[in-house]
Amino acid sequence: HLSIRRQRQMCIRDSSNSPLQVNLTLLHTASRKAKNTDEQYLDTFYRTFDEVKDGFFDGMIITGAPVELMPFEEVDYWSELVEIMDWSEEHVYSTFYICWGAQAGLYHHFGINKCVMDEKLFGVYEHDIYNDRPVLLRGFDEKFWMPHSRHTTVSLEQIKENRNLELLAGSEPTGAAIVRSLDNKHIFVFGHAEYDWDTPVSYTHLTLPTNREV
């Protein structure tokens, strides 16, 4: 589930910038009991998969989790997440995966596993847009900045070799940044474009220089 702050960043703030009316349904896994969020808060604002599985949705966001150094199958709610990802194929028009969620989705749907980097990737990095400004990135500059904070990455070669995937953006230090399936059912973002300007600072208690790596 999302922290209250990230709910504001990813859902409430961003959807408020759209002229469309957006109805949000927040979902948490039933197979794992939250340690850092009040249970009453979850019961009030969140639903479980069993409560929504008969519905249909225009979009779904699967976010990250601090479990990236564990094999996917060892995450205690992995089987439930797999069930949700399989369900989304028929019940969700398009799914947006972020950070560890992007790695999990890429692994489950396309068999591309993550690998541990020699050093943690942490900072705000410049990225290039590939393939002549794809529709999904309309409005972006030719180069854009996005925060990353992770110990793992995915293989650029395997992404490029997969005929069902397209690499939309990336850079040398970050590798793949944004990837889509050709049918647009799956959008994978390996950084954190949803962060507020001070989010990396609040997470690490560091002073983050503008447009520089830490």
# chains A, B, ... in the order shown; residues from 1 in each chain; ligands from 1
call {"tool": "residues_around", "arguments": {"residues": "Ala30 (chain A)", "least_positions_apart": "3", "cutoff": "8 Å", "atoms": "only C-alpha atoms", "output": "PyMOL selection string"}}
result
chain A and resi 33+48-49
call {"tool": "select_by_dssp", "arguments": {"residues": "chain A", "states": "helix (DSSP H, G or I)", "output": "number ranges by chain"}}
result
A: 4-16, 39-45, 49-52, 72-74, 78-91, 100-110, 135-137, 156-161, 199-204
call {"tool": "closest_residue", "arguments": {"among": "A:Leu106, A:Met85, A:Asp43, A:Pro134", "to": "Gln158 (chain A)", "atoms": "only C-alpha atoms"}}
result
A:Leu106
call {"tool": "closest_residue", "arguments": {"among": "A:Glu80, A:Glu157, A:Glu194, A:Glu126", "to": "Ile98 (chain A)", "atoms": "only C-alpha atoms"}}
result
A:Glu194
call {"tool": "closest_atom_pairs", "arguments": {"of": "region 174-199 of chain A", "to": "region 163-166 of chain A", "cutoff": "12 Å", "atoms": "only C-alpha atoms", "output": "JSON lines"}}
result
{"residue": "A:Ala176", "atom": "CA", "partner": "A:Glu166", "partner_atom": "CA", "distance": 10.3}
{"residue": "A:Ala177", "atom": "CA", "partner": "A:Glu166", "partner_atom": "CA", "distance": 11.3}
{"residue": "A:Ile178", "atom": "CA", "partner": "A:Glu166", "partner_atom": "CA", "distance": 8.8}
{"residue": "A:Val179", "atom": "CA", "partner": "A:Glu166", "partner_atom": "CA", "distance": 5.7}
{"residue": "A:Arg180", "atom": "CA", "partner": "A:Glu166", "partner_atom": "CA", "distance": 5.4}
{"residue": "A:Ser181", "atom": "CA", "partner": "A:Leu165", "partner_atom": "CA", "distance": 4.4}
{"residue": "A:Leu182", "atom": "CA", "partner": "A:Asn164", "partner_atom": "CA", "distance": 5.5}
{"residue": "A:Asp183", "atom": "CA", "partner": "A:Asn164", "partner_atom": "CA", "distance": 8.0}
{"residue": "A:Asn184", "atom": "CA", "partner": "A:Leu165", "partner_atom": "CA", "distance": 9.3}
{"residue": "A:Lys185", "atom": "CA", "partner": "A:Leu165", "partner_atom": "CA", "distance": 10.7}
{"residue": "A:His186", "atom": "CA", "partner": "A:Leu165", "partner_atom": "CA", "distance": 9.2}
{"residue": "A:Ile187", "atom": "CA", "partner": "A:Leu165", "partner_atom": "CA", "distance": 9.7}
{"residue": "A:Phe188", "atom": "CA", "partner": "A:Leu165", "partner_atom": "CA", "distance": 10.2}
call {"tool": "write_last_selection", "arguments": {"atoms": "N, CA and C atoms", "output": "short mmCIF file (atom, residue, chain, number, x, y, z; two decimals), in the first residue's frame"}}
result
data_model
loop_
_atom_site.label_atom_id
_atom_site.label_comp_id
_atom_site.auth_asym_id
_atom_site.auth_seq_id
_atom_site.Cartn_x
_atom_site.Cartn_y
_atom_site.Cartn_z
N ALA A 176 17.43 1.38 -18.26
CA ALA A 176 16.05 1.61 -18.68
C ALA A 176 15.34 2.49 -17.65
N ALA A 177 14.63 3.50 -18.15
CA ALA A 177 13.86 4.37 -17.27
C ALA A 177 12.36 4.19 -17.48
N ILE A 178 11.94 4.12 -18.75
CA ILE A 178 10.53 3.93 -19.07
C ILE A 178 10.43 2.93 -20.21
N VAL A 179 9.60 1.92 -20.03
CA VAL A 179 9.39 0.86 -21.01
C VAL A 179 7.90 0.63 -21.15
N ARG A 180 7.44 0.29 -22.34
CA ARG A 180 6.03 -0.04 -22.54
C ARG A 180 5.91 -1.35 -23.30
N SER A 181 4.80 -2.04 -23.11
CA SER A 181 4.46 -3.14 -24.00
C SER A 181 3.83 -2.52 -25.25
N LEU A 182 3.97 -3.16 -26.38
CA LEU A 182 3.52 -2.57 -27.64
C LEU A 182 2.01 -2.36 -27.69
N ASP A 183 1.27 -3.11 -26.88
CA ASP A 183 -0.18 -2.90 -26.83
C ASP A 183 -0.58 -1.88 -25.78
N ASN A 184 0.41 -1.28 -25.10
CA ASN A 184 0.18 -0.27 -24.05
C ASN A 184 -0.60 -0.81 -22.85
N LYS A 185 -0.65 -2.11 -22.71
CA LYS A 185 -1.29 -2.70 -21.52
C LYS A 185 -0.40 -2.54 -20.29
N HIS A 186 0.90 -2.42 -20.51
CA HIS A 186 1.86 -2.37 -19.41
C HIS A 186 2.84 -1.22 -19.63
N ILE A 187 2.92 -0.31 -18.66
CA ILE A 187 3.86 0.81 -18.69
C ILE A 187 4.76 0.68 -17.46
N PHE A 188 6.07 0.58 -17.68
CA PHE A 188 7.02 0.36 -16.60
C PHE A 188 7.90 1.60 -16.42
#
call {"tool": "closest_residue", "arguments": {"among": "A:Trp100, A:Tyr130, A:Trp87, A:Phe190", "to": "Phe56 (chain A)", "atoms": "only C-alpha atoms"}}
result
A:Trp87
call {"tool": "select_by_dssp", "arguments": {"residues": "region 84-202 of chain A", "states": "strand (DSSP E or B)", "output": "ChimeraX atom specification"}}
result
/A:92-98,114-129,143-154,165-171,175-181,186-189
call {"tool": "closest_residue", "arguments": {"among": "A:Trp78, A:Arg32, A:Asp141, A:Phe96", "to": "Ile61 (chain A)", "atoms": "only C-alpha atoms"}}
result
A:Phe96
call {"tool": "residues_around", "arguments": {"residues": "Glu142 (chain A)", "least_positions_apart": "3", "cutoff": "9 Å", "atoms": "only C-alpha atoms", "output": "NGL selection string"}}
result
:A and (127-130 or 133)
call {"tool": "residues_around", "arguments": {"residues": "region 64-70 of chain A", "least_positions_apart": "2", "cutoff": "8 Å", "atoms": "only C-alpha atoms", "output": "list in words"}}
result
Ile62, Phe72, Glu74, Val75, Ile98, Cys99, Trp100, Gly101, Ala102, Val116, Arg150, His151 and Thr152 of chain A
call {"tool": "atom_distance", "arguments": {"atom1": "CA of Val82 (chain A)", "atom2": "CA of Glu51 (chain A)"}}
result
16.7 Å
call {"tool": "atom_distance", "arguments": {"atom1": "CA of Phe140 (chain A)", "atom2": "CA of Leu168 (chain A)"}}
result
11.7 Å
call {"tool": "closest_residue", "arguments": {"among": "A:Thr63, A:Gly139, A:Tyr93, A:Gly111", "to": "Ser155 (chain A)", "atoms": "only C-alpha atoms"}}
result
A:Gly111
call {"tool": "closest_residue", "arguments": {"among": "A:Thr29, A:Asn131, A:Ser149, A:Asn113", "to": "Ile84 (chain A)", "atoms": "only C-alpha atoms"}}
result
A:Thr29
